[in-house]
Structure formats: structure tokens, C-alpha cells
file input-v4.csv (CSV, C-alpha atoms)
chain,number,residue,atom,x,y,z
D,1,MET,CA,-37.4,-94.0,-215.5
D,2,LEU,CA,-33.9,-95.4,-215.8
D,3,SER,CA,-31.2,-93.8,-213.8
D,4,LEU,CA,-27.5,-94.8,-213.4
D,5,ILE,CA,-25.4,-94.2,-210.3
D,6,VAL,CA,-21.7,-94.7,-210.2
D,7,ALA,CA,-18.4,-93.5,-208.7
D,8,HIS,CA,-15.5,-93.3,-211.0
D,9,ASP,CA,-12.1,-91.6,-211.0
D,10,GLU,CA,-10.7,-89.3,-213.7
D,11,GLN,CA,-9.8,-92.4,-215.8
D,12,ARG,CA,-13.2,-93.9,-215.3
D,13,ILE,CA,-11.9,-96.6,-213.0
D,14,ILE,CA,-14.7,-98.1,-210.9
D,15,GLY,CA,-13.2,-101.2,-209.3
D,16,LYS,CA,-10.2,-103.1,-208.1
D,17,ASP,CA,-10.4,-106.8,-207.1
D,18,ARG,CA,-14.2,-106.7,-207.2
D,19,TRP,CA,-14.5,-103.6,-204.9
D,20,MET,CA,-14.0,-99.9,-205.0
D,21,PRO,CA,-10.3,-98.7,-204.9
D,22,TRP,CA,-11.2,-95.8,-202.5
D,23,ASN,CA,-12.9,-95.3,-199.2
D,24,LEU,CA,-15.4,-92.5,-199.4
D,25,PRO,CA,-18.1,-92.8,-196.7
D,26,GLN,CA,-19.8,-89.7,-198.0
D,27,ASP,CA,-20.2,-91.3,-201.4
D,28,LEU,CA,-21.7,-94.5,-199.8
D,29,ALA,CA,-24.1,-92.2,-197.9
D,30,HIS,CA,-25.1,-90.5,-201.2
D,31,PHE,CA,-25.7,-93.9,-202.8
D,32,LYS,CA,-27.8,-95.0,-199.9
D,33,LYS,CA,-29.8,-91.8,-199.8
D,34,THR,CA,-30.4,-91.8,-203.6
D,35,THR,CA,-31.4,-95.4,-204.0
D,36,LEU,CA,-33.2,-96.0,-200.7
D,37,ASN,CA,-36.8,-97.2,-201.3
D,38,HIS,CA,-36.2,-97.6,-205.0
D,39,ALA,CA,-35.6,-100.5,-207.3
D,40,ILE,CA,-31.9,-101.2,-208.2
D,41,LEU,CA,-30.3,-103.3,-210.9
D,42,ILE,CA,-26.9,-104.9,-210.5
D,43,GLY,CA,-25.0,-107.7,-212.2
D,44,LYS,CA,-24.6,-111.1,-210.6
D,45,THR,CA,-20.9,-110.6,-209.9
D,46,THR,CA,-21.6,-107.3,-208.0
D,47,PHE,CA,-24.5,-108.9,-206.2
D,48,THR,CA,-22.6,-112.0,-205.0
D,49,GLY,CA,-19.8,-109.6,-203.9
D,50,MET,CA,-22.2,-107.8,-201.7
D,51,GLY,CA,-23.3,-111.1,-200.1
D,52,LYS,CA,-27.0,-110.1,-199.6
D,53,PRO,CA,-29.6,-107.7,-201.0
D,54,LEU,CA,-29.5,-104.1,-199.8
D,55,PRO,CA,-32.3,-103.2,-197.3
D,56,LYS,CA,-35.3,-101.2,-198.4
D,57,ARG,CA,-34.6,-101.7,-202.1
D,58,HIS,CA,-36.0,-104.3,-204.6
D,59,THR,CA,-32.9,-105.7,-206.3
D,60,TYR,CA,-33.0,-106.9,-209.9
D,61,VAL,CA,-30.0,-109.1,-210.6
D,62,ALA,CA,-28.9,-109.4,-214.2
D,63,THR,CA,-27.2,-112.7,-215.3
D,64,ARG,CA,-26.8,-114.9,-218.3
D,65,ASP,CA,-26.6,-117.9,-216.0
D,66,LEU,CA,-30.0,-119.5,-216.3
D,67,ASN,CA,-29.2,-121.7,-213.3
D,68,PHE,CA,-28.6,-118.8,-210.9
D,69,HIS,CA,-31.3,-118.5,-208.3
D,70,TYR,CA,-31.6,-116.4,-205.1
D,71,ASP,CA,-34.6,-117.0,-202.9
D,72,HIS,CA,-35.6,-113.7,-201.4
D,73,GLU,CA,-38.8,-111.7,-201.7
D,74,ASN,CA,-36.9,-108.5,-202.7
D,75,VAL,CA,-34.7,-110.1,-205.4
D,76,THR,CA,-35.7,-110.8,-209.0
D,77,ILE,CA,-33.4,-112.4,-211.5
D,78,ILE,CA,-33.2,-110.9,-215.0
D,79,HIS,CA,-31.9,-112.6,-218.1
D,80,ASP,CA,-33.0,-110.3,-220.9
D,81,LEU,CA,-31.6,-106.8,-220.2
D,82,PRO,CA,-32.8,-105.0,-223.4
D,83,ALA,CA,-36.4,-106.1,-222.7
D,84,PHE,CA,-36.0,-105.1,-219.1
D,85,PHE,CA,-34.6,-101.7,-220.0
D,86,LYS,CA,-37.4,-101.0,-222.5
D,87,GLU,CA,-40.0,-102.0,-219.9
D,88,TRP,CA,-38.5,-99.5,-217.4
D,89,GLN,CA,-38.0,-96.5,-219.8
D,90,ASP,CA,-41.6,-95.3,-219.6
D,91,LYS,CA,-42.3,-96.1,-215.9
D,92,ALA,CA,-42.8,-93.2,-213.5
D,93,GLU,CA,-40.9,-95.1,-210.8
D,94,THR,CA,-37.1,-94.8,-210.9
D,95,LEU,CA,-34.8,-97.8,-211.3
D,96,TYR,CA,-31.2,-97.2,-210.4
D,97,VAL,CA,-28.6,-99.1,-212.4
D,98,CYS,CA,-25.7,-99.8,-210.0
D,99,GLY,CA,-23.2,-101.8,-211.9
D,100,GLY,CA,-20.9,-103.6,-212.6
D,101,ALA,CA,-19.1,-102.5,-215.8
D,102,MET,CA,-20.9,-104.8,-218.2
D,103,ILE,CA,-24.3,-103.8,-216.8
D,104,TYR,CA,-23.4,-100.1,-217.1
D,105,GLU,CA,-22.3,-100.5,-220.7
D,106,GLN,CA,-25.6,-102.2,-221.7
D,107,ALA,CA,-27.6,-99.6,-219.8
D,108,LEU,CA,-26.1,-96.4,-221.1
D,109,PRO,CA,-28.2,-96.2,-224.3
D,110,TYR,CA,-31.4,-96.5,-222.2
D,111,VAL,CA,-30.8,-94.4,-219.2
D,112,ASN,CA,-32.5,-91.0,-218.7
D,113,GLU,CA,-30.0,-89.7,-216.1
D,114,LEU,CA,-26.6,-90.2,-214.6
D,115,TRP,CA,-25.5,-89.7,-211.0
D,116,ILE,CA,-21.7,-89.6,-211.3
D,117,SER,CA,-19.5,-89.3,-208.2
D,118,LEU,CA,-16.3,-88.1,-209.9
D,119,VAL,CA,-13.5,-89.2,-207.6
D,120,GLU,CA,-10.5,-86.9,-207.5
D,121,GLY,CA,-7.3,-88.2,-209.0
D,122,THR,CA,-6.4,-91.5,-210.6
D,123,HIS,CA,-6.4,-94.9,-208.9
D,124,THR,CA,-5.2,-98.3,-209.6
D,125,GLY,CA,-7.9,-100.6,-210.7
D,126,ASP,CA,-9.0,-103.4,-213.0
D,127,THR,CA,-12.6,-102.3,-213.9
D,128,TYR,CA,-13.6,-99.3,-215.9
D,129,PHE,CA,-16.9,-97.4,-216.4
D,130,PRO,CA,-17.7,-97.4,-220.2
D,131,TYR,CA,-17.0,-94.2,-222.2
D,132,TYR,CA,-19.9,-91.7,-222.2
D,133,ASP,CA,-20.1,-88.3,-223.8
D,134,PRO,CA,-21.1,-85.7,-221.2
D,135,LYS,CA,-22.2,-83.5,-224.2
D,136,GLN,CA,-25.2,-85.8,-224.6
D,137,TYR,CA,-26.4,-84.6,-221.2
D,138,ARG,CA,-27.1,-81.4,-219.4
D,139,ILE,CA,-25.9,-80.9,-215.9
D,140,VAL,CA,-28.7,-80.7,-213.4
D,141,SER,CA,-26.5,-80.2,-210.3
D,142,LYS,CA,-23.0,-80.4,-209.0
D,143,GLU,CA,-22.1,-80.9,-205.4
D,144,ALA,CA,-18.6,-80.9,-204.1
D,145,LYS,CA,-17.7,-83.3,-201.3
D,146,GLU,CA,-14.5,-84.3,-199.7
D,147,GLY,CA,-12.5,-86.2,-202.3
D,148,PHE,CA,-15.2,-86.2,-205.0
D,149,VAL,CA,-17.9,-84.3,-206.8
D,150,ILE,CA,-21.5,-85.5,-207.4
D,151,ILE,CA,-22.6,-84.6,-210.9
D,152,HIS,CA,-26.3,-85.2,-211.8
D,153,TYR,CA,-26.8,-85.3,-215.6
D,154,ARG,CA,-30.0,-85.6,-217.6
D,155,LYS,CA,-30.1,-86.8,-221.2
D,156,LEU,CA,-30.7,-84.1,-223.7

call {"tool": "encode", "arguments": {"input": "input-v4.csv", "output": "C-alpha cells"}}
result
Amino acid sequence: MLSLIVAHDEQRIIGKDRWMPWNLPQDLAHFKKTTLNHAILIGKTTFTGMGKPLPKRHTYVATRDLNFHYDHENVTIIHDLPAFFKEWQDKAETLYVCGGAMIYEQALPYVNELWISLVEGTHTGDTYFPYYDPKQYRIVSKEAKEGFVIIHYRKL
């Protein structure tokens, strides 16, 4: 199954200067709890910004750069995203798509569910989450936190 996890504000901003424009420890805890012991997919820019793979998660890194390599037992480099998404659609195991913006945009047609941390207010940023229509999903749950709301959607 393909799942997508993101924090964005009311204007769909997700980043500023290659990082998040807010400090929400509860959201980071939610991300960790949700993705721990699962596979995750991130773009090369996001991955290199993190500096190393996240513990207890197999990390798939998407890039068009055929020369990009990262030697680690829990990292796999992906060059063909549509094939990768099709492969994961029917798996029982969940893969969490974790960004950045270009990866989210390519993943949206394939994902079965969204985990949106809707951050209160508007922020200054340079990276946006792509448009999505919430009417194409049903709300599974909503959980209010300090400064944001976690909304879990499932595709209709």
C-alpha cells in the first residue's frame, strides 16, 4: 500500500530553504511513530538534506541522477518512480512517501491514503505541496494537536 505523509500550512507550504518553516515537535513525533519500522520514499534533495537515513526504516531515494550512490544496507536508489509506485500499490506492506514536493506530485495519483498535518496559519516558504482535492478522499480520523491537526484520508 502507498501512503503519503506531509505537514503543510493553509497555503500548502511545506518548506523554506530546504527545511520546514515551523517547529512542531509533536508533528515530528507523529511522523516518527507513523513511519517507524516501515519503508519510506524520499527525493534525493530531501535525503541529502537529512544527512543520513532515518533509523529503523528502509529508505528508498528517488533521483534522476544515474551517478548518485549511497552505500548503506537500508538505502535503495530508485530511478523509475512510476514503475516503483505500481509495484507498491498491491503490496500489503505500507510505503510512506515523505517528500519533497516533486516526489509528492508524482505520488499523488498512486497513493491509497494521506496523512496530512495541517499546520495552523500561513507561513513564508518556497516549497509547496501539490494541489489535491480532499473530496477524492474520506476522512478516517482527525486529531487536534498544538499548532496543527492530523487528518488521515483514504482514497474513495

call {"tool": "residues_around", "arguments": {"input": "input-v4.csv", "residues": "D:Thr34", "least_positions_apart": "5", "cutoff": "9 Å", "atoms": "all atoms listed in the file", "output": "PDB file with C-alpha atoms, keeping the file's coordinate frame"}}
result
ATOM      1  CA  ILE D   5     -25.400 -94.200-210.300  1.00  0.00           C
ATOM      2  CA  ALA D  29     -24.100 -92.200-197.900  1.00  0.00           C
ATOM      3  CA  TYR D  96     -31.200 -97.200-210.400  1.00  0.00           C
TER       4      TYR D  96
END

call {"tool": "closest_residue", "arguments": {"input": "input-v4.csv", "among": "D:Ile78, D:Val6, D:Ala144, D:Met20", "to": "D:Gly49", "atoms": "only C-alpha atoms"}}
result
D:Met20

call {"tool": "residues_around", "arguments": {"input": "input-v4.csv", "residues": "D:Trp115", "least_positions_apart": "5", "cutoff": "9 Å", "atoms": "all atoms listed in the file", "output": "list in words"}}
result
Ser3, Leu4, Ile5, Val6, Ala7, Ile150, Ile151, His152, Tyr153 and Arg154 of chain D

call {"tool": "residues_around", "arguments": {"input": "input-v4.csv", "residues": "stretch 59-65 of chain D", "least_positions_apart": "6", "cutoff": "8 Å", "atoms": "only C-alpha atoms", "output": "JSON, numbers by chain"}}
result
{"D": [39, 40, 41, 42, 43, 44, 47, 53, 74, 75, 76, 77, 78, 79, 80, 81, 103]}

call {"tool": "residues_around", "arguments": {"input": "input-v4.csv", "residues": "D:Glu93", "least_positions_apart": "6", "cutoff": "10 Å", "atoms": "all atoms listed in the file", "output": "list in words"}}
result
Met1, Leu2, His38 and Ala39 of chain D

call {"tool": "atom_distance", "arguments": {"input": "input-v4.csv", "atom1": "atom CA of D:Glu10", "atom2": "atom CA of D:His30"}}
result
19.1 Å

call {"tool": "atom_distance", "arguments": {"input": "input-v4.csv", "atom1": "atom CA of D:Leu156", "atom2": "atom CA of D:Tyr137"}}
result
5.0 Å

call {"tool": "atom_distance", "arguments": {"input": "input-v4.csv", "atom1": "atom CA of D:Arg57", "atom2": "atom CA of D:Asp71"}}
result
15.3 Å

call {"tool": "closest_residue", "arguments": {"input": "input-v4.csv", "among": "D:Pro55, D:Leu114, D:Thr45, D:Val149", "to": "D:Asp133", "atoms": "all atoms listed in the file"}}
result
D:Leu114

call {"tool": "build_atoms", "arguments": {"input": "input-v4.csv", "residues": "stretch 7-28 of chain D", "atoms": "N, CA, C and O atoms", "output": "PDB file, in the coordinates of the input"}}
result
ATOM      1  N   ALA D   7     -19.609 -94.320-209.053  1.00  0.00           N
ATOM      2  CA  ALA D   7     -18.400 -93.500-208.700  1.00  0.00           C
ATOM      3  C   ALA D   7     -17.293 -93.982-209.535  1.00  0.00           C
ATOM      4  O   ALA D   7     -17.009 -95.175-209.619  1.00  0.00           O
ATOM      5  N   HIS D   8     -16.656 -93.016-210.223  1.00  0.00           N
ATOM      6  CA  HIS D   8     -15.500 -93.300-211.000  1.00  0.00           C
ATOM      7  C   HIS D   8     -14.447 -92.233-210.881  1.00  0.00           C
ATOM      8  O   HIS D   8     -14.796 -91.098-210.548  1.00  0.00           O
ATOM      9  N   ASP D   9     -13.196 -92.582-211.120  1.00  0.00           N
ATOM     10  CA  ASP D   9     -12.100 -91.600-211.000  1.00  0.00           C
ATOM     11  C   ASP D   9     -11.970 -90.897-212.394  1.00  0.00           C
ATOM     12  O   ASP D   9     -12.765 -91.116-213.318  1.00  0.00           O
ATOM     13  N   GLU D  10     -10.936 -90.082-212.512  1.00  0.00           N
ATOM     14  CA  GLU D  10     -10.700 -89.300-213.700  1.00  0.00           C
ATOM     15  C   GLU D  10     -10.378 -90.170-214.943  1.00  0.00           C
ATOM     16  O   GLU D  10     -10.461 -89.713-216.076  1.00  0.00           O
ATOM     17  N   GLN D  11     -10.010 -91.441-214.714  1.00  0.00           N
ATOM     18  CA  GLN D  11      -9.800 -92.400-215.800  1.00  0.00           C
ATOM     19  C   GLN D  11     -10.917 -93.355-215.990  1.00  0.00           C
ATOM     20  O   GLN D  11     -10.787 -94.342-216.688  1.00  0.00           O
ATOM     21  N   ARG D  12     -12.011 -93.114-215.311  1.00  0.00           N
ATOM     22  CA  ARG D  12     -13.200 -93.900-215.300  1.00  0.00           C
ATOM     23  C   ARG D  12     -13.052 -95.270-214.633  1.00  0.00           C
ATOM     24  O   ARG D  12     -13.818 -96.205-214.853  1.00  0.00           O
ATOM     25  N   ILE D  13     -12.049 -95.400-213.759  1.00  0.00           N
ATOM     26  CA  ILE D  13     -11.900 -96.600-213.000  1.00  0.00           C
ATOM     27  C   ILE D  13     -13.034 -96.694-211.942  1.00  0.00           C
ATOM     28  O   ILE D  13     -13.340 -95.699-211.282  1.00  0.00           O
ATOM     29  N   ILE D  14     -13.639 -97.884-211.840  1.00  0.00           N
ATOM     30  CA  ILE D  14     -14.700 -98.100-210.900  1.00  0.00           C
ATOM     31  C   ILE D  14     -14.402 -99.196-209.871  1.00  0.00           C
ATOM     32  O   ILE D  14     -15.085 -99.306-208.848  1.00  0.00           O
ATOM     33  N   GLY D  15     -13.413-100.027-210.182  1.00  0.00           N
ATOM     34  CA  GLY D  15     -13.200-101.200-209.300  1.00  0.00           C
ATOM     35  C   GLY D  15     -11.790-101.704-209.318  1.00  0.00           C
ATOM     36  O   GLY D  15     -11.032-101.490-210.265  1.00  0.00           O
ATOM     37  N   LYS D  16     -11.477-102.397-208.229  1.00  0.00           N
ATOM     38  CA  LYS D  16     -10.200-103.100-208.100  1.00  0.00           C
ATOM     39  C   LYS D  16     -10.497-104.364-207.263  1.00  0.00           C
ATOM     40  O   LYS D  16     -11.019-104.252-206.151  1.00  0.00           O
ATOM     41  N   ASP D  17     -10.163-105.520-207.808  1.00  0.00           N
ATOM     42  CA  ASP D  17     -10.400-106.800-207.100  1.00  0.00           C
ATOM     43  C   ASP D  17     -11.819-106.910-206.598  1.00  0.00           C
ATOM     44  O   ASP D  17     -12.069-107.258-205.446  1.00  0.00           O
ATOM     45  N   ARG D  18     -12.752-106.562-207.465  1.00  0.00           N
ATOM     46  CA  ARG D  18     -14.200-106.700-207.200  1.00  0.00           C
ATOM     47  C   ARG D  18     -14.734-105.751-206.124  1.00  0.00           C
ATOM     48  O   ARG D  18     -15.787-105.991-205.536  1.00  0.00           O
ATOM     49  N   TRP D  19     -14.032-104.667-205.857  1.00  0.00           N
ATOM     50  CA  TRP D  19     -14.500-103.600-204.900  1.00  0.00           C
ATOM     51  C   TRP D  19     -14.002-102.295-205.359  1.00  0.00           C
ATOM     52  O   TRP D  19     -13.227-102.181-206.291  1.00  0.00           O
ATOM     53  N   MET D  20     -14.391-101.245-204.668  1.00  0.00           N
ATOM     54  CA  MET D  20     -14.000 -99.900-205.000  1.00  0.00           C
ATOM     55  C   MET D  20     -12.530 -99.644-204.527  1.00  0.00           C
ATOM     56  O   MET D  20     -12.187-100.047-203.420  1.00  0.00           O
ATOM     57  N   PRO D  21     -11.728 -98.942-205.338  1.00  0.00           N
ATOM     58  CA  PRO D  21     -10.300 -98.700-204.900  1.00  0.00           C
ATOM     59  C   PRO D  21     -10.175 -97.455-204.052  1.00  0.00           C
ATOM     60  O   PRO D  21      -9.092 -96.917-203.941  1.00  0.00           O
ATOM     61  N   TRP D  22     -11.232 -97.008-203.414  1.00  0.00           N
ATOM     62  CA  TRP D  22     -11.200 -95.800-202.500  1.00  0.00           C
ATOM     63  C   TRP D  22     -12.148 -96.067-201.369  1.00  0.00           C
ATOM     64  O   TRP D  22     -13.013 -96.937-201.423  1.00  0.00           O
ATOM     65  N   ASN D  23     -11.973 -95.275-200.356  1.00  0.00           N
ATOM     66  CA  ASN D  23     -12.900 -95.300-199.200  1.00  0.00           C
ATOM     67  C   ASN D  23     -13.473 -93.940-199.023  1.00  0.00           C
ATOM     68  O   ASN D  23     -12.827 -93.035-198.516  1.00  0.00           O
ATOM     69  N   LEU D  24     -14.710 -93.768-199.489  1.00  0.00           N
ATOM     70  CA  LEU D  24     -15.400 -92.500-199.400  1.00  0.00           C
ATOM     71  C   LEU D  24     -16.757 -92.662-198.762  1.00  0.00           C
ATOM     72  O   LEU D  24     -17.775 -92.867-199.434  1.00  0.00           O
ATOM     73  N   PRO D  25     -16.798 -92.601-197.438  1.00  0.00           N
ATOM     74  CA  PRO D  25     -18.100 -92.800-196.700  1.00  0.00           C
ATOM     75  C   PRO D  25     -19.169 -91.844-197.187  1.00  0.00           C
ATOM     76  O   PRO D  25     -20.341 -92.238-197.230  1.00  0.00           O
ATOM     77  N   GLN D  26     -18.809 -90.617-197.565  1.00  0.00           N
ATOM     78  CA  GLN D  26     -19.800 -89.700-198.000  1.00  0.00           C
ATOM     79  C   GLN D  26     -20.462 -90.146-199.342  1.00  0.00           C
ATOM     80  O   GLN D  26     -21.635 -89.899-199.590  1.00  0.00           O
ATOM     81  N   ASP D  27     -19.672 -90.808-200.179  1.00  0.00           N
ATOM     82  CA  ASP D  27     -20.200 -91.300-201.400  1.00  0.00           C
ATOM     83  C   ASP D  27     -21.171 -92.486-201.143  1.00  0.00           C
ATOM     84  O   ASP D  27     -22.238 -92.596-201.749  1.00  0.00           O
ATOM     85  N   LEU D  28     -20.795 -93.359-200.217  1.00  0.00           N
ATOM     86  CA  LEU D  28     -21.700 -94.500-199.800  1.00  0.00           C
ATOM     87  C   LEU D  28     -22.990 -93.923-199.247  1.00  0.00           C
ATOM     88  O   LEU D  28     -24.076 -94.450-199.510  1.00  0.00           O
TER      89      LEU D  28
END
